[in-house]
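Working notes, beginning with the structure itself.
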Amino acid sequence: PEATENIPTMKSFLKLTTAASALAGGAVVRAAADELLPPVGESRIVVTSDADAAPLAAAVDADGSEFCPTLAAEFARRQKELLGADEPFAYRRGETAKHVPFLTLSEDGMTAAVVVGDGDKDGGTWHPMVPSNETDEVHFITHILAKDQDDKVVALKAMDPTIMPPATMTFWVPASATSLTPFEWCNLHGFWRGETVPVPAMASASKERRAKDMACMASNFEGEGAWTSVHADYLRLQKLPPHNSDAPFTKEKDVKHTPYITLDDDGKTASVLVGDPSVAVHPMDGSPDGAGTPHWIREIYVLDQTGTILTMRSLDSAGV
């Protein structure tokens, strides 16, 4: 990333670099510069040079999505390995509440909103949202999520650090929910839990209007401002144990984690594959019950010759 390499492609007029975040482990891997493989395999995205075009990656069936419980399990893993805590942090009297997610229900009980911090109170503060391409400056809430009484993730949203605080998520309350608990992940200070809020019983007619129970789906970071900050945060994590590296790894370290990019014949689209099918491709092992340790490629993103991020996509372990 300090000196972006130009990668020769099938069309010499377009030169791209790619990076993938491999989880668990969080390593960032830069694309190989001399091998371009067909767009087949397990971990891949398709990108387009037309900014207005719809995403070309296959949509995930809602009933088969593993993204939300897998990401929650990944946050639990990071909380233990990076911060030495077996549980999400919670508010303690006398401390600031800027990391605490607060959930409120709408008057009709149909929707819920989560905000991070208590800036609406005297002396309170919202959690800052600090976008940056510098590893020592980026600081934001990356995700907000909510779980029901059965510990099932019912809503999840990736945050844009360029928005003004507070970090906020609004969602439909599932028909089966009897209680909801909010959580958030801060890129620097880990996994935080708010107070559980009971969901009042509703008359049958009203309950039928409440959201049908649907699987929580993958939530993508939106926009170059968010992408730049996510990239900076991955580089920050890359410097920490166990990776201890100031730069992304390359195929010389491990082919299985290396993203390869192929420009398609139309010159407008490209495919990124993580791994070499002739050697090994990266597994996509999710945690559908939220209890196991996941190991999958969470994000793939593409940089051009100037270091500008052209696209970023979050991957569902069940959708590739």
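Convention: chains lettered A, B, ... in structure tokens order; per-chain residue numbering from 1; ligands numbered from 1 as shown.
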
Close residues, A:Met159 itself excluded, 8 Å, only C-alpha atoms, min 4 positions apart in chain, as a PyMOL selection string = chain A and resi 141-144+167+221+226

Give me the residues within 6 Å of A:Glu66 as a short mmCIF file (atom, residue, chain, number, x, y, z; two decimals) with C-alpha atoms, in the first residue's frame, counting only C-alpha atoms and dropping any in the same chain fewer than 4 places off.
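Contents of selection22.cif, as written:
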data_model
loop_
_atom_site.label_atom_id
_atom_site.label_comp_id
_atom_site.auth_asym_id
_atom_site.auth_seq_id
_atom_site.Cartn_x
_atom_site.Cartn_y
_atom_site.Cartn_z
CA THR A 70 -20.36 -15.66 11.84
CA PRO A 288 -24.03 -20.57 11.61
CA ALA A 318 -22.54 -19.55 2.92
#

Taking the chain letters and numbering used in this document, name the residues of stretch 33-278 of chain A that DSSP puts in helix (DSSP H, G or I), as a ChimeraX atom specification.
-> /A:62-64,67-83,204-209,224-238,255-257

Please, could you write that set of residues out with N, CA and C atoms as a CSV table (one decimal), in the first residue's frame?
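As written to disk, result_36.csv reads:
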chain,number,residue,atom,x,y,z
A,62,ALA,N,-31.6,-15.6,1.7
A,62,ALA,CA,-31.8,-15.2,3.0
A,62,ALA,C,-31.8,-16.4,4.0
A,63,ASP,N,-32.4,-17.5,3.6
A,63,ASP,CA,-32.5,-18.6,4.6
A,63,ASP,C,-31.2,-19.3,4.7
A,64,GLY,N,-30.2,-19.1,3.8
A,64,GLY,CA,-29.0,-19.8,3.9
A,64,GLY,C,-27.8,-18.9,4.4
A,67,PHE,N,-23.8,-14.9,7.5
A,67,PHE,CA,-22.9,-13.8,7.8
A,67,PHE,C,-23.0,-13.2,9.2
A,68,CYS,N,-24.2,-13.0,9.6
A,68,CYS,CA,-24.4,-12.3,10.9
A,68,CYS,C,-23.9,-13.1,12.1
A,69,PRO,N,-24.3,-14.4,12.3
A,69,PRO,CA,-23.8,-15.1,13.4
A,69,PRO,C,-22.3,-15.4,13.3
A,70,THR,N,-21.8,-15.5,12.0
A,70,THR,CA,-20.4,-15.7,11.8
A,70,THR,C,-19.6,-14.4,12.3
A,71,LEU,N,-20.1,-13.2,11.9
A,71,LEU,CA,-19.4,-12.0,12.3
A,71,LEU,C,-19.4,-11.8,13.8
A,72,ALA,N,-20.6,-12.1,14.4
A,72,ALA,CA,-20.7,-12.1,15.9
A,72,ALA,C,-19.7,-13.0,16.5
A,73,ALA,N,-19.5,-14.2,16.0
A,73,ALA,CA,-18.5,-15.1,16.5
A,73,ALA,C,-17.1,-14.6,16.3
A,74,GLU,N,-16.9,-13.9,15.2
A,74,GLU,CA,-15.6,-13.3,14.9
A,74,GLU,C,-15.2,-12.2,15.9
A,75,PHE,N,-16.2,-11.4,16.3
A,75,PHE,CA,-16.0,-10.4,17.3
A,75,PHE,C,-15.7,-11.0,18.6
A,76,ALA,N,-16.4,-12.1,19.0
A,76,ALA,CA,-16.1,-12.7,20.2
A,76,ALA,C,-14.6,-13.3,20.2
A,77,ARG,N,-14.2,-13.8,19.1
A,77,ARG,CA,-12.8,-14.3,19.0
A,77,ARG,C,-11.8,-13.2,19.2
A,78,ARG,N,-12.1,-12.1,18.5
A,78,ARG,CA,-11.2,-10.9,18.6
A,78,ARG,C,-11.1,-10.4,20.0
A,79,GLN,N,-12.3,-10.3,20.6
A,79,GLN,CA,-12.4,-9.8,22.0
A,79,GLN,C,-11.5,-10.6,22.9
A,80,LYS,N,-11.4,-11.9,22.7
A,80,LYS,CA,-10.6,-12.7,23.6
A,80,LYS,C,-9.1,-12.6,23.2
A,81,GLU,N,-8.8,-12.7,21.9
A,81,GLU,CA,-7.4,-12.8,21.5
A,81,GLU,C,-6.8,-11.4,21.5
A,82,LEU,N,-7.5,-10.4,21.2
A,82,LEU,CA,-6.8,-9.0,21.1
A,82,LEU,C,-7.0,-8.3,22.4
A,83,LEU,N,-8.1,-8.5,23.2
A,83,LEU,CA,-8.4,-7.7,24.3
A,83,LEU,C,-8.4,-8.5,25.6
A,204,SER,N,-52.7,-9.9,18.3
A,204,SER,CA,-52.4,-10.7,17.1
A,204,SER,C,-52.4,-9.9,15.8
A,205,ALA,N,-53.4,-9.0,15.7
A,205,ALA,CA,-53.5,-8.3,14.5
A,205,ALA,C,-52.3,-7.4,14.3
A,206,SER,N,-51.8,-6.8,15.4
A,206,SER,CA,-50.6,-5.9,15.3
A,206,SER,C,-49.4,-6.7,15.0
A,207,LYS,N,-49.3,-7.9,15.7
A,207,LYS,CA,-48.1,-8.7,15.6
A,207,LYS,C,-47.9,-9.2,14.1
A,208,GLU,N,-49.0,-9.4,13.4
A,208,GLU,CA,-49.0,-9.9,12.0
A,208,GLU,C,-48.3,-8.8,11.2
A,209,ARG,N,-48.5,-7.5,11.6
A,209,ARG,CA,-47.9,-6.4,10.8
A,209,ARG,C,-46.4,-6.3,11.1
A,224,GLU,N,-16.3,5.2,-0.7
A,224,GLU,CA,-14.9,5.3,-0.6
A,224,GLU,C,-14.4,5.7,0.8
A,225,GLY,N,-15.1,6.6,1.4
A,225,GLY,CA,-14.7,7.1,2.7
A,225,GLY,C,-14.7,6.0,3.7
A,226,ALA,N,-15.7,5.1,3.7
A,226,ALA,CA,-15.7,3.9,4.6
A,226,ALA,C,-14.6,3.0,4.2
A,227,TRP,N,-14.4,2.7,2.9
A,227,TRP,CA,-13.5,1.8,2.4
A,227,TRP,C,-12.0,2.1,2.8
A,228,THR,N,-11.7,3.4,2.7
A,228,THR,CA,-10.4,3.9,3.0
A,228,THR,C,-10.1,3.6,4.5
A,229,SER,N,-11.1,3.9,5.4
A,229,SER,CA,-10.9,3.6,6.8
A,229,SER,C,-10.8,2.2,7.1
A,230,VAL,N,-11.6,1.3,6.5
A,230,VAL,CA,-11.5,-0.1,6.7
A,230,VAL,C,-10.1,-0.6,6.3
A,231,HIS,N,-9.6,-0.2,5.2
A,231,HIS,CA,-8.3,-0.6,4.7
A,231,HIS,C,-7.2,-0.1,5.7
A,232,ALA,N,-7.3,1.1,6.2
A,232,ALA,CA,-6.4,1.6,7.2
A,232,ALA,C,-6.4,0.7,8.5
A,233,ASP,N,-7.6,0.3,8.9
A,233,ASP,CA,-7.8,-0.5,10.1
A,233,ASP,C,-7.2,-1.9,9.9
A,234,TYR,N,-7.4,-2.4,8.7
A,234,TYR,CA,-6.8,-3.7,8.4
A,234,TYR,C,-5.2,-3.6,8.5
A,235,LEU,N,-4.7,-2.6,8.0
A,235,LEU,CA,-3.2,-2.4,8.1
A,235,LEU,C,-2.8,-2.2,9.5
A,236,ARG,N,-3.6,-1.6,10.3
A,236,ARG,CA,-3.3,-1.4,11.7
A,236,ARG,C,-3.3,-2.8,12.4
A,237,LEU,N,-4.3,-3.6,12.1
A,237,LEU,CA,-4.3,-5.0,12.7
A,237,LEU,C,-3.1,-5.8,12.2
A,238,GLN,N,-2.7,-5.6,10.9
A,238,GLN,CA,-1.6,-6.4,10.3
A,238,GLN,C,-0.3,-6.2,11.1
A,255,VAL,N,0.0,-19.1,-0.7
A,255,VAL,CA,-0.8,-19.0,-1.9
A,255,VAL,C,-2.3,-19.0,-1.6
A,256,LYS,N,-2.7,-19.8,-0.5
A,256,LYS,CA,-4.1,-20.0,-0.2
A,256,LYS,C,-4.7,-18.7,0.2
A,257,HIS,N,-4.0,-17.7,0.8
A,257,HIS,CA,-4.5,-16.5,1.2
A,257,HIS,C,-4.4,-15.4,0.2

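For the pair atom CA of A:Asp148 and atom CA of A:Trp185, the interatomic distance is 17.6 Å.
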
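With only C-alpha atoms as the atoms that count, the minimum distance from A:Ala291 to the choices A:Ala201, A:Met169, A:Arg193, A:Asp151 is reached by A:Asp151.
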
Mind checking DSSP for stretch 96-139 of chain A and telling me the strand (DSSP E or B) residues as a count of residues only?
-> 15
